[in-house]
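Chemist: Next comes query.tsv, TSV, C-alpha atoms:
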```tsv
chain	number	residue	atom	x	y	z
N	1	MET	CA	49.51	63.62	80.32
N	2	ALA	CA	46.91	62.19	77.98
N	3	PHE	CA	47.06	58.63	76.83
N	4	GLY	CA	46.43	58.29	73.10
N	5	ASP	CA	46.57	55.93	70.16
N	6	SER	CA	50.23	56.69	69.66
N	7	ASP	CA	50.97	55.16	73.05
N	8	LEU	CA	49.39	51.81	72.22
N	9	PRO	CA	52.55	50.14	70.84
N	10	ALA	CA	54.52	51.04	73.98
N	11	PHE	CA	51.62	49.97	76.19
N	12	PHE	CA	51.40	46.55	74.52
N	13	ALA	CA	55.19	46.15	74.49
N	14	VAL	CA	55.28	46.51	78.26
N	15	MET	CA	52.07	44.72	79.21
N	16	GLY	CA	51.77	42.12	76.46
N	17	GLU	CA	53.39	38.78	75.83
N	18	PRO	CA	55.10	37.42	72.72
N	19	ALA	CA	53.18	35.90	69.85
N	20	VAL	CA	53.76	35.11	66.21
N	21	VAL	CA	50.89	35.95	63.88
N	22	ASN	CA	51.23	34.80	60.29
N	23	GLY	CA	55.00	34.70	60.72
N	24	GLN	CA	55.19	38.14	62.29
N	25	SER	CA	56.41	38.56	65.87
N	26	MET	CA	54.53	40.97	68.08
N	27	SER	CA	53.42	41.64	71.63
N	28	VAL	CA	49.78	40.81	72.41
N	29	PHE	CA	47.32	40.49	75.24
N	30	VAL	CA	46.01	36.97	75.73
N	31	ASP	CA	42.51	36.27	77.02
N	32	MET	CA	41.44	32.72	77.79
N	33	CYS	CA	37.81	32.87	78.74
N	34	GLU	CA	34.89	30.48	78.53
N	35	SER	CA	31.89	30.97	76.36
N	36	PRO	CA	28.77	29.29	77.74
N	37	TRP	CA	26.43	28.12	75.07
N	38	VAL	CA	22.97	27.08	76.10
N	39	HIS	CA	21.75	24.35	73.86
N	40	GLY	CA	18.24	24.45	72.45
N	41	ASN	CA	15.78	22.19	74.24
N	42	GLY	CA	16.55	19.96	77.18
N	43	PRO	CA	18.86	19.96	80.17
N	44	GLY	CA	22.51	20.88	80.28
N	45	SER	CA	24.51	23.18	78.09
N	46	MET	CA	27.80	23.24	76.31
N	47	SER	CA	30.66	25.55	77.15
N	48	GLU	CA	34.00	25.97	75.52
N	49	ALA	CA	37.27	27.82	75.95
N	50	VAL	CA	37.78	30.88	73.82
N	51	THR	CA	41.38	31.96	73.33
N	52	LYS	CA	41.69	35.50	72.08
N	53	ILE	CA	44.63	37.80	71.43
N	54	THR	CA	44.56	41.58	71.17
N	55	ALA	CA	47.11	43.86	69.53
N	56	PRO	CA	47.25	47.40	68.14
N	57	ILE	CA	46.52	47.64	64.45
N	58	THR	CA	49.92	49.23	63.89
N	59	ALA	CA	51.55	45.94	64.89
N	60	PHE	CA	50.35	44.25	61.72
N	61	VAL	CA	52.00	44.61	58.33
N	62	SER	CA	48.70	43.43	56.88
N	63	LEU	CA	45.47	42.60	58.65
N	64	PRO	CA	45.27	38.93	59.59
N	65	ILE	CA	42.54	36.82	58.05
N	66	ALA	CA	40.88	33.57	59.08
N	67	GLY	CA	43.07	30.52	58.71
N	68	GLN	CA	46.42	32.21	59.22
N	69	SER	CA	48.71	30.67	61.82
N	70	VAL	CA	49.21	32.01	65.35
N	71	THR	CA	51.61	30.79	68.02
N	72	VAL	CA	51.21	32.01	71.58
N	73	ARG	CA	52.06	30.53	74.99
N	74	GLY	CA	53.69	27.62	73.21
N	75	ALA	CA	50.52	26.50	71.45
N	76	SER	CA	49.59	26.61	67.80
N	77	TYR	CA	46.34	28.10	66.57
N	78	THR	CA	44.79	29.57	63.50
N	79	VAL	CA	42.78	32.76	63.28
N	80	LYS	CA	39.08	31.97	63.60
N	81	ASN	CA	37.49	35.42	63.72
N	82	ARG	CA	38.78	38.97	63.54
N	83	THR	CA	37.08	41.97	65.09
N	84	MET	CA	38.14	45.59	65.43
N	85	PRO	CA	35.96	47.16	68.12
N	86	GLY	CA	35.53	50.87	68.66
N	87	ASP	CA	37.59	53.04	66.38
N	88	GLY	CA	39.46	50.10	64.91
N	89	ARG	CA	42.81	50.89	66.49
N	90	ILE	CA	42.78	47.57	68.34
N	91	VAL	CA	42.51	44.21	66.60
N	92	GLU	CA	41.03	41.19	68.38
N	93	LEU	CA	41.63	37.71	67.03
N	94	GLU	CA	39.66	34.70	68.21
N	95	LEU	CA	41.81	31.62	67.79
N	96	LYS	CA	41.16	28.02	66.90
N	97	ALA	CA	43.18	25.15	68.33
N	98	GLN	CA	45.37	23.03	66.05
T	1	MET	CA	3.03	3.55	99.80
T	2	SER	CA	5.51	3.48	97.00
T	3	ILE	CA	4.55	4.53	93.50
T	4	ASN	CA	5.74	2.37	90.67
T	5	PRO	CA	7.67	3.94	87.82
T	6	SER	CA	5.74	4.93	84.71
T	7	VAL	CA	6.07	3.01	81.49
T	8	GLY	CA	7.71	6.10	80.01
T	9	LEU	CA	10.45	6.09	82.62
T	10	LYS	CA	11.03	2.37	82.16
T	11	ALA	CA	11.39	2.94	78.44
T	12	LEU	CA	13.89	5.73	79.03
T	13	ARG	CA	15.93	3.51	81.34
T	14	ALA	CA	15.96	0.76	78.72
T	15	LEU	CA	17.01	3.18	76.01
T	16	TYR	CA	19.81	4.55	78.18
T	17	ALA	CA	21.06	1.03	78.84
T	18	LEU	CA	21.32	0.46	75.10
T	19	VAL	CA	23.35	3.64	74.59
T	20	THR	CA	25.76	2.75	77.39
T	21	ALA	CA	26.24	-0.88	76.34
T	22	THR	CA	29.75	-2.25	75.87
T	23	GLY	CA	31.33	-0.76	72.78
T	24	SER	CA	29.77	2.66	73.12
T	25	PRO	CA	32.01	5.30	71.48
T	26	ALA	CA	31.41	7.84	74.27
T	27	PRO	CA	30.38	7.96	77.93
T	28	ALA	CA	26.71	8.62	78.52
T	29	ILE	CA	24.79	10.23	81.34
T	30	ARG	CA	21.03	10.38	81.73
T	31	THR	CA	19.26	13.70	82.18
T	32	ASP	CA	22.44	15.51	83.07
T	33	THR	CA	21.92	19.21	83.79
T	34	THR	CA	25.58	20.06	84.29
T	35	GLU	CA	27.66	21.98	81.83
T	36	TYR	CA	29.60	20.18	79.14
T	37	THR	CA	33.00	21.76	78.71
T	38	GLU	CA	35.28	20.64	75.93
T	39	GLU	CA	37.26	18.39	78.30
T	40	ARG	CA	34.16	16.20	78.76
T	41	LEU	CA	33.62	15.54	75.08
T	42	PRO	CA	32.71	13.30	73.38
T	43	ALA	CA	29.64	12.48	75.42
T	44	TYR	CA	26.01	11.42	75.27
T	45	ASN	CA	23.21	12.97	77.31
T	46	VAL	CA	19.96	10.99	77.25
T	47	PHE	CA	16.79	12.69	78.45
T	48	ARG	CA	13.02	12.83	77.99
T	49	ALA	CA	11.73	15.51	75.68
T	50	LYS	CA	7.95	15.12	75.43
T	51	ASP	CA	5.14	12.69	76.25
T	52	LYS	CA	2.04	12.62	74.06
T	53	PHE	CA	-1.15	10.59	74.41
T	54	SER	CA	-4.07	9.72	72.17
T	55	TYR	CA	-7.35	8.02	72.98
T	56	GLU	CA	-8.47	6.34	69.78
T	57	GLY	CA	-7.98	2.67	70.56
T	58	ALA	CA	-9.35	0.39	73.19
T	59	PHE	CA	-11.47	2.10	75.80
T	60	ARG	CA	-9.09	1.34	78.66
T	61	ALA	CA	-5.98	2.33	76.73
T	62	ALA	CA	-4.08	5.54	76.16
T	63	GLY	CA	-1.82	5.46	73.15
T	64	ALA	CA	1.41	6.90	74.49
T	65	THR	CA	4.20	8.40	72.42
T	66	PHE	CA	7.37	9.28	74.31
T	67	ASP	CA	9.95	11.45	72.58
T	68	VAL	CA	13.43	10.90	74.03
T	69	THR	CA	16.51	12.84	72.98
T	70	ILE	CA	19.92	11.26	72.72
T	71	ARG	CA	22.27	14.22	72.51
T	72	ALA	CA	25.67	13.34	71.06
T	73	MET	CA	28.29	16.02	71.67
T	74	VAL	CA	31.77	16.21	70.16
T	75	LYS	CA	34.63	18.62	69.56
T	76	ALA	CA	36.98	18.76	66.59
T	77	THR	CA	39.54	20.99	64.98
T	78	ALA	CA	37.81	20.48	61.65
T	79	GLN	CA	34.79	18.66	60.22
T	80	ALA	CA	32.96	18.01	63.46
T	81	ASP	CA	30.28	16.15	61.53
T	82	GLU	CA	32.84	13.46	60.75
T	83	VAL	CA	33.58	13.13	64.47
T	84	VAL	CA	29.96	12.92	65.57
T	85	ASP	CA	28.95	10.41	62.93
T	86	PRO	CA	30.13	7.29	64.85
T	87	LEU	CA	28.08	8.40	67.85
T	88	VAL	CA	24.97	8.80	65.72
T	89	VAL	CA	25.57	5.46	64.01
T	90	TRP	CA	26.01	3.69	67.36
T	91	ALA	CA	22.80	5.14	68.75
T	92	TRP	CA	20.94	4.22	65.58
T	93	GLN	CA	22.19	0.62	65.62
T	94	GLN	CA	21.42	0.18	69.31
T	95	VAL	CA	17.90	1.56	69.11
T	96	MET	CA	16.82	0.09	65.80
T	97	ALA	CA	18.32	-3.41	66.16
T	98	ASP	CA	15.40	-4.51	68.30
T	99	GLY	CA	12.88	-1.72	68.16
T	100	THR	CA	10.99	-2.86	71.25
T	101	LEU	CA	13.60	-1.87	73.87
T	102	GLY	CA	13.87	-5.44	75.00
T	103	GLY	CA	10.20	-6.25	74.64
T	104	ILE	CA	8.63	-3.47	76.70
T	105	VAL	CA	7.26	-1.13	74.02
T	106	GLN	CA	5.41	-1.48	70.76
T	107	ASP	CA	7.97	0.45	68.76
T	108	ALA	CA	11.07	2.59	69.27
T	109	LYS	CA	12.47	4.35	66.25
T	110	ILE	CA	14.67	7.31	65.38
T	111	THR	CA	12.62	10.02	63.70
T	112	ALA	CA	15.08	12.91	63.42
T	113	VAL	CA	18.65	14.03	63.95
T	114	GLU	CA	19.22	17.74	64.36
T	115	TYR	CA	22.76	19.11	64.16
T	116	GLN	CA	23.70	22.29	66.00
T	117	TYR	CA	27.12	23.83	65.57
T	118	VAL	CA	29.02	26.09	67.95
T	119	THR	CA	31.05	28.67	66.08
T	120	LYS	CA	32.85	30.32	68.98
T	121	GLY	CA	35.79	28.84	70.80
T	122	ASP	CA	39.04	26.99	70.33
T	123	TYR	CA	37.30	23.95	68.88
T	124	ASP	CA	34.42	23.26	66.57
T	125	GLN	CA	31.77	21.77	68.82
T	126	LEU	CA	28.72	20.00	67.55
T	127	ALA	CA	25.63	18.60	69.24
T	128	ALA	CA	23.54	16.08	67.35
T	129	ASP	CA	20.10	15.68	68.90
T	130	ILE	CA	18.80	12.23	68.00
T	131	THR	CA	15.04	12.01	68.55
T	132	VAL	CA	13.71	8.57	69.46
T	133	GLU	CA	9.95	8.10	69.26
T	134	ILE	CA	8.64	5.36	71.53
T	135	THR	CA	5.07	4.11	71.21
T	136	VAL	CA	3.26	1.92	73.68
T	137	ASP	CA	-0.26	1.54	75.07
T	138	VAL	CA	-0.68	2.34	78.72
T	139	SER	CA	-3.68	2.22	80.98
T	140	ARG	CA	-5.81	5.36	80.97
T	141	SER	CA	-6.10	5.22	84.70
T	142	ASP	CA	-2.55	4.13	85.48
T	143	PRO	CA	0.54	5.18	83.46
T	144	THR	CA	2.53	2.44	85.18
T	145	GLN	CA	0.46	-0.26	83.46
T	146	ASN	CA	1.79	-1.41	80.08
T	147	LEU	CA	-1.13	-2.63	77.97
T	148	THR	CA	1.00	-3.44	74.92
T	149	PHE	CA	2.93	-6.14	76.71
T	150	GLY	CA	0.56	-6.59	79.62
T	151	GLU	CA	3.00	-6.03	82.44
```
Take the structure in this file and express it as structure tokens.
Modeler:
Amino acid sequence: MAFGDSDLPAFFAVMGEPAVVNGQSMSVFVDMCESPWVHGNGPGSMSEAVTKITAPITAFVSLPIAGQSVTVRGASYTVKNRTMPGDGRIVELELKAQ
Amino acid sequence: MSINPSVGLKALRALYALVTATGSPAPAIRTDTTEYTEERLPAYNVFRAKDKFSYEGAFRAAGATFDVTIRAMVKATAQADEVVDPLVVWAWQQVMADGTLGGIVQDAKITAVEYQYVTKGDYDQLAADITVEITVDVSRSDPTQNLTFGE
């Protein structure tokens, strides 16, 4: 059995966790990684947490834009950046703490 | 045989002491090579950037210029420049109030502040690199000898 775009909503519903994006409830993947950032000259570097959620594009009534509110894992964020890698069927949102 | 510290290192130590004086708005570390995660901010990192020398004055002297960076790092949910400003102001006031680092150099002055913003991540992070230019005459044959103040 092939796995296709039409299976994405079911896949996220089972594997994802609840979030509210711009007032809309949906099931998303949550990534909490760290982004090292090497500063220009001199010793040391800065590194910061990057919270990102991923959802199928069909989950959104309208595509989210920067500044809209997001609630996930009990914390409030706003959308910082939106990307749609590959064929655009998946939407990734980098979040900003509130 | 022990080797005495250079005038440049003494100047850096004196500058660091000024940044960490009572009332400092953030903890400071000197020449820290570890990673600054958001939990550690705000913070200062004070380190040497470049030493330069000229030979235009007295025959025995080398005109030394030491560039030291005071890196002020902050995080914010908005307007990180507002958050870093007190750290820059504190460093400015501490360095420029005397200008001789307690009487060990000819001059110590801030010559530039460069702001670098981090756009990724949960917070807006900002590093302000404050360049302090320190001038002092040292012995040509011995960088531990301060000719400006005749140590």
Chemist: Rank T:Ala76, T:Pro86, T:Lys52, T:Ile104 by their smallest atom-to-atom distance to Thr119 in chain T, using only C-alpha atoms, and report the top residue only.
Modeler: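 With only C-alpha atoms as the atom set, the closest residue is T:Ala76.
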Chemist: As a PDB file with C-alpha atoms, keeping the file's coordinate frame, could you give me every residue of chain T near chain N (at most 10 Å apart, counting only C-alpha atoms)?
Modeler:
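Heads up, here's the output in part-v9.pdb:
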```pdb
ATOM      1  CA  ARG T  30      21.030  10.380  81.730  1.00  0.00           C
ATOM      2  CA  THR T  31      19.260  13.700  82.180  1.00  0.00           C
ATOM      3  CA  ASP T  32      22.440  15.510  83.070  1.00  0.00           C
ATOM      4  CA  THR T  33      21.920  19.210  83.790  1.00  0.00           C
ATOM      5  CA  THR T  34      25.580  20.060  84.290  1.00  0.00           C
ATOM      6  CA  GLU T  35      27.660  21.980  81.830  1.00  0.00           C
ATOM      7  CA  TYR T  36      29.600  20.180  79.140  1.00  0.00           C
ATOM      8  CA  THR T  37      33.000  21.760  78.710  1.00  0.00           C
ATOM      9  CA  GLU T  38      35.280  20.640  75.930  1.00  0.00           C
ATOM     10  CA  GLU T  39      37.260  18.390  78.300  1.00  0.00           C
ATOM     11  CA  ARG T  40      34.160  16.200  78.760  1.00  0.00           C
ATOM     12  CA  LEU T  41      33.620  15.540  75.080  1.00  0.00           C
ATOM     13  CA  ASN T  45      23.210  12.970  77.310  1.00  0.00           C
ATOM     14  CA  VAL T  46      19.960  10.990  77.250  1.00  0.00           C
ATOM     15  CA  PHE T  47      16.790  12.690  78.450  1.00  0.00           C
ATOM     16  CA  ARG T  48      13.020  12.830  77.990  1.00  0.00           C
ATOM     17  CA  ALA T  49      11.730  15.510  75.680  1.00  0.00           C
ATOM     18  CA  THR T  69      16.510  12.840  72.980  1.00  0.00           C
ATOM     19  CA  ARG T  71      22.270  14.220  72.510  1.00  0.00           C
ATOM     20  CA  MET T  73      28.290  16.020  71.670  1.00  0.00           C
ATOM     21  CA  LYS T  75      34.630  18.620  69.560  1.00  0.00           C
ATOM     22  CA  ALA T  76      36.980  18.760  66.590  1.00  0.00           C
ATOM     23  CA  THR T  77      39.540  20.990  64.980  1.00  0.00           C
ATOM     24  CA  ALA T  78      37.810  20.480  61.650  1.00  0.00           C
ATOM     25  CA  GLN T 116      23.700  22.290  66.000  1.00  0.00           C
ATOM     26  CA  TYR T 117      27.120  23.830  65.570  1.00  0.00           C
ATOM     27  CA  VAL T 118      29.020  26.090  67.950  1.00  0.00           C
ATOM     28  CA  THR T 119      31.050  28.670  66.080  1.00  0.00           C
ATOM     29  CA  LYS T 120      32.850  30.320  68.980  1.00  0.00           C
ATOM     30  CA  GLY T 121      35.790  28.840  70.800  1.00  0.00           C
ATOM     31  CA  ASP T 122      39.040  26.990  70.330  1.00  0.00           C
ATOM     32  CA  TYR T 123      37.300  23.950  68.880  1.00  0.00           C
ATOM     33  CA  ASP T 124      34.420  23.260  66.570  1.00  0.00           C
ATOM     34  CA  GLN T 125      31.770  21.770  68.820  1.00  0.00           C
ATOM     35  CA  LEU T 126      28.720  20.000  67.550  1.00  0.00           C
ATOM     36  CA  ALA T 127      25.630  18.600  69.240  1.00  0.00           C
ATOM     37  CA  ASP T 129      20.100  15.680  68.900  1.00  0.00           C
TER      38      ASP T 129
END
```
Chemist: Looking at all atoms listed in the file, which of T:Ile3, T:Leu147, T:Val95, T:Ile130 is the one that sits closest to Ile70 in chain T?
Modeler: T:Ile130
Chemist: For CA of Gln68 in chain N and CA of Pro85 in chain N, quote the distance in Å rounded to one decimal.
Modeler: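 Calculated distance between CA of Gln68 in chain N and CA of Pro85 in chain N is 20.3 Å.
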Chemist: Do you know which residues are at most 7 Å from range 138-141 of chain T counting only C-alpha atoms, after dropping those on the same chain fewer than 4 positions away, and could you put them as a ChimeraX atom specification?
Modeler: /T:60-64,145-147
Chemist: Find the residues around range 18-20 of chain N up to 6 Å (only C-alpha atoms counted), leave out those fewer than 2 positions away in its own chain, and share them as a list in words.
Modeler: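 My reading of the contact set: Gly23, Gln24, Ser25, Met26, Ser27, Val70, Thr71 and Val72 of chain N.
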Chemist: Pull C-alpha atoms from the residues just selected and write them as an mmCIF file, keeping the file's coordinate frame.
Modeler:
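As written to disk, selection.cif reads:
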```cif
data_model
loop_
_atom_site.group_PDB
_atom_site.id
_atom_site.type_symbol
_atom_site.label_atom_id
_atom_site.label_comp_id
_atom_site.auth_asym_id
_atom_site.auth_seq_id
_atom_site.Cartn_x
_atom_site.Cartn_y
_atom_site.Cartn_z
ATOM 1 C CA GLY N 23 55.000 34.700 60.720
ATOM 2 C CA GLN N 24 55.190 38.140 62.290
ATOM 3 C CA SER N 25 56.410 38.560 65.870
ATOM 4 C CA MET N 26 54.530 40.970 68.080
ATOM 5 C CA SER N 27 53.420 41.640 71.630
ATOM 6 C CA VAL N 70 49.210 32.010 65.350
ATOM 7 C CA THR N 71 51.610 30.790 68.020
ATOM 8 C CA VAL N 72 51.210 32.010 71.580
#
```
Chemist: Will you model N, CA and C atoms for range 50-80 of chain N and pass it back as an mmCIF file, keeping the file's coordinate frame?
Modeler:
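Output (result_20.cif):
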```cif
data_model
loop_
_atom_site.group_PDB
_atom_site.id
_atom_site.type_symbol
_atom_site.label_atom_id
_atom_site.label_comp_id
_atom_site.auth_asym_id
_atom_site.auth_seq_id
_atom_site.Cartn_x
_atom_site.Cartn_y
_atom_site.Cartn_z
ATOM 1 N N VAL N 50 37.561 29.952 74.920
ATOM 2 C CA VAL N 50 37.780 30.880 73.820
ATOM 3 C C VAL N 50 39.114 31.579 74.065
ATOM 4 N N THR N 51 40.088 31.289 73.225
ATOM 5 C CA THR N 51 41.380 31.960 73.330
ATOM 6 C C THR N 51 41.401 33.130 72.354
ATOM 7 N N LYS N 52 41.746 34.276 72.884
ATOM 8 C CA LYS N 52 41.690 35.500 72.080
ATOM 9 C C LYS N 52 42.956 36.315 72.320
ATOM 10 N N ILE N 53 43.501 36.884 71.265
ATOM 11 C CA ILE N 53 44.630 37.800 71.430
ATOM 12 C C ILE N 53 44.229 39.181 70.927
ATOM 13 N N THR N 54 44.854 40.190 71.513
ATOM 14 C CA THR N 54 44.560 41.580 71.170
ATOM 15 C C THR N 54 45.869 42.303 70.912
ATOM 16 N N ALA N 55 45.905 43.095 69.857
ATOM 17 C CA ALA N 55 47.110 43.860 69.530
ATOM 18 C C ALA N 55 46.708 45.148 68.832
ATOM 19 N N PRO N 56 47.560 46.173 68.872
ATOM 20 C CA PRO N 56 47.250 47.400 68.140
ATOM 21 C C PRO N 56 47.354 47.162 66.639
ATOM 22 N N ILE N 57 46.553 47.867 65.895
ATOM 23 C CA ILE N 57 46.520 47.640 64.450
ATOM 24 C C ILE N 57 47.875 47.960 63.818
ATOM 25 N N THR N 58 48.613 48.849 64.445
ATOM 26 C CA THR N 58 49.920 49.230 63.890
ATOM 27 C C THR N 58 50.941 48.094 63.983
ATOM 28 N N ALA N 59 50.627 47.053 64.763
ATOM 29 C CA ALA N 59 51.550 45.940 64.890
ATOM 30 C C ALA N 59 51.549 45.048 63.651
ATOM 31 N N PHE N 60 50.507 45.165 62.847
ATOM 32 C CA PHE N 60 50.350 44.250 61.720
ATOM 33 C C PHE N 60 50.823 44.895 60.420
ATOM 34 N N VAL N 61 51.627 44.154 59.683
ATOM 35 C CA VAL N 61 52.000 44.610 58.330
ATOM 36 C C VAL N 61 50.768 44.585 57.441
ATOM 37 N N SER N 62 49.996 43.513 57.561
ATOM 38 C CA SER N 62 48.700 43.430 56.880
ATOM 39 C C SER N 62 47.716 42.778 57.826
ATOM 40 N N LEU N 63 46.459 43.130 57.706
ATOM 41 C CA LEU N 63 45.470 42.600 58.650
ATOM 42 C C LEU N 63 45.364 41.084 58.520
ATOM 43 N N PRO N 64 45.392 40.391 59.642
ATOM 44 C CA PRO N 64 45.270 38.930 59.590
ATOM 45 C C PRO N 64 43.878 38.514 59.125
ATOM 46 N N ILE N 65 43.824 37.367 58.506
ATOM 47 C CA ILE N 65 42.540 36.820 58.050
ATOM 48 C C ILE N 65 42.388 35.395 58.577
ATOM 49 N N ALA N 66 41.174 34.909 58.550
ATOM 50 C CA ALA N 66 40.880 33.570 59.080
ATOM 51 C C ALA N 66 41.743 32.516 58.402
ATOM 52 N N GLY N 67 42.260 31.615 59.214
ATOM 53 C CA GLY N 67 43.070 30.520 58.710
ATOM 54 C C GLY N 67 44.562 30.734 58.834
ATOM 55 N N GLN N 68 44.986 31.962 59.067
ATOM 56 C CA GLN N 68 46.420 32.210 59.220
ATOM 57 C C GLN N 68 46.905 31.666 60.573
ATOM 58 N N SER N 69 48.172 31.332 60.637
ATOM 59 C CA SER N 69 48.710 30.670 61.820
ATOM 60 C C SER N 69 49.035 31.674 62.930
ATOM 61 N N VAL N 70 48.874 31.213 64.161
ATOM 62 C CA VAL N 70 49.210 32.010 65.350
ATOM 63 C C VAL N 70 49.894 31.073 66.348
ATOM 64 N N THR N 71 50.972 31.531 66.938
ATOM 65 C CA THR N 71 51.610 30.790 68.020
ATOM 66 C C THR N 71 51.685 31.700 69.236
ATOM 67 N N VAL N 72 51.162 31.232 70.351
ATOM 68 C CA VAL N 72 51.210 32.010 71.580
ATOM 69 C C VAL N 72 51.186 31.042 72.764
ATOM 70 N N ARG N 73 51.944 31.374 73.787
ATOM 71 C CA ARG N 73 52.060 30.530 74.990
ATOM 72 C C ARG N 73 52.415 29.085 74.625
ATOM 73 N N GLY N 74 53.205 28.932 73.591
ATOM 74 C CA GLY N 74 53.690 27.620 73.210
ATOM 75 C C GLY N 74 52.685 26.745 72.487
ATOM 76 N N ALA N 75 51.545 27.289 72.148
ATOM 77 C CA ALA N 75 50.520 26.500 71.450
ATOM 78 C C ALA N 75 50.262 27.074 70.066
ATOM 79 N N SER N 76 49.861 26.198 69.178
ATOM 80 C CA SER N 76 49.590 26.610 67.800
ATOM 81 C C SER N 76 48.092 26.745 67.564
ATOM 82 N N TYR N 77 47.739 27.821 66.897
ATOM 83 C CA TYR N 77 46.340 28.100 66.570
ATOM 84 C C TYR N 77 46.260 28.593 65.139
ATOM 85 N N THR N 78 45.028 28.765 64.685
ATOM 86 C CA THR N 78 44.790 29.570 63.500
ATOM 87 C C THR N 78 43.778 30.651 63.867
ATOM 88 N N VAL N 79 43.742 31.678 63.059
ATOM 89 C CA VAL N 79 42.780 32.760 63.280
ATOM 90 C C VAL N 79 41.387 32.242 62.924
ATOM 91 N N LYS N 80 40.456 32.416 63.851
ATOM 92 C CA LYS N 80 39.080 31.970 63.600
ATOM 93 C C LYS N 80 38.175 33.156 63.242
#
```
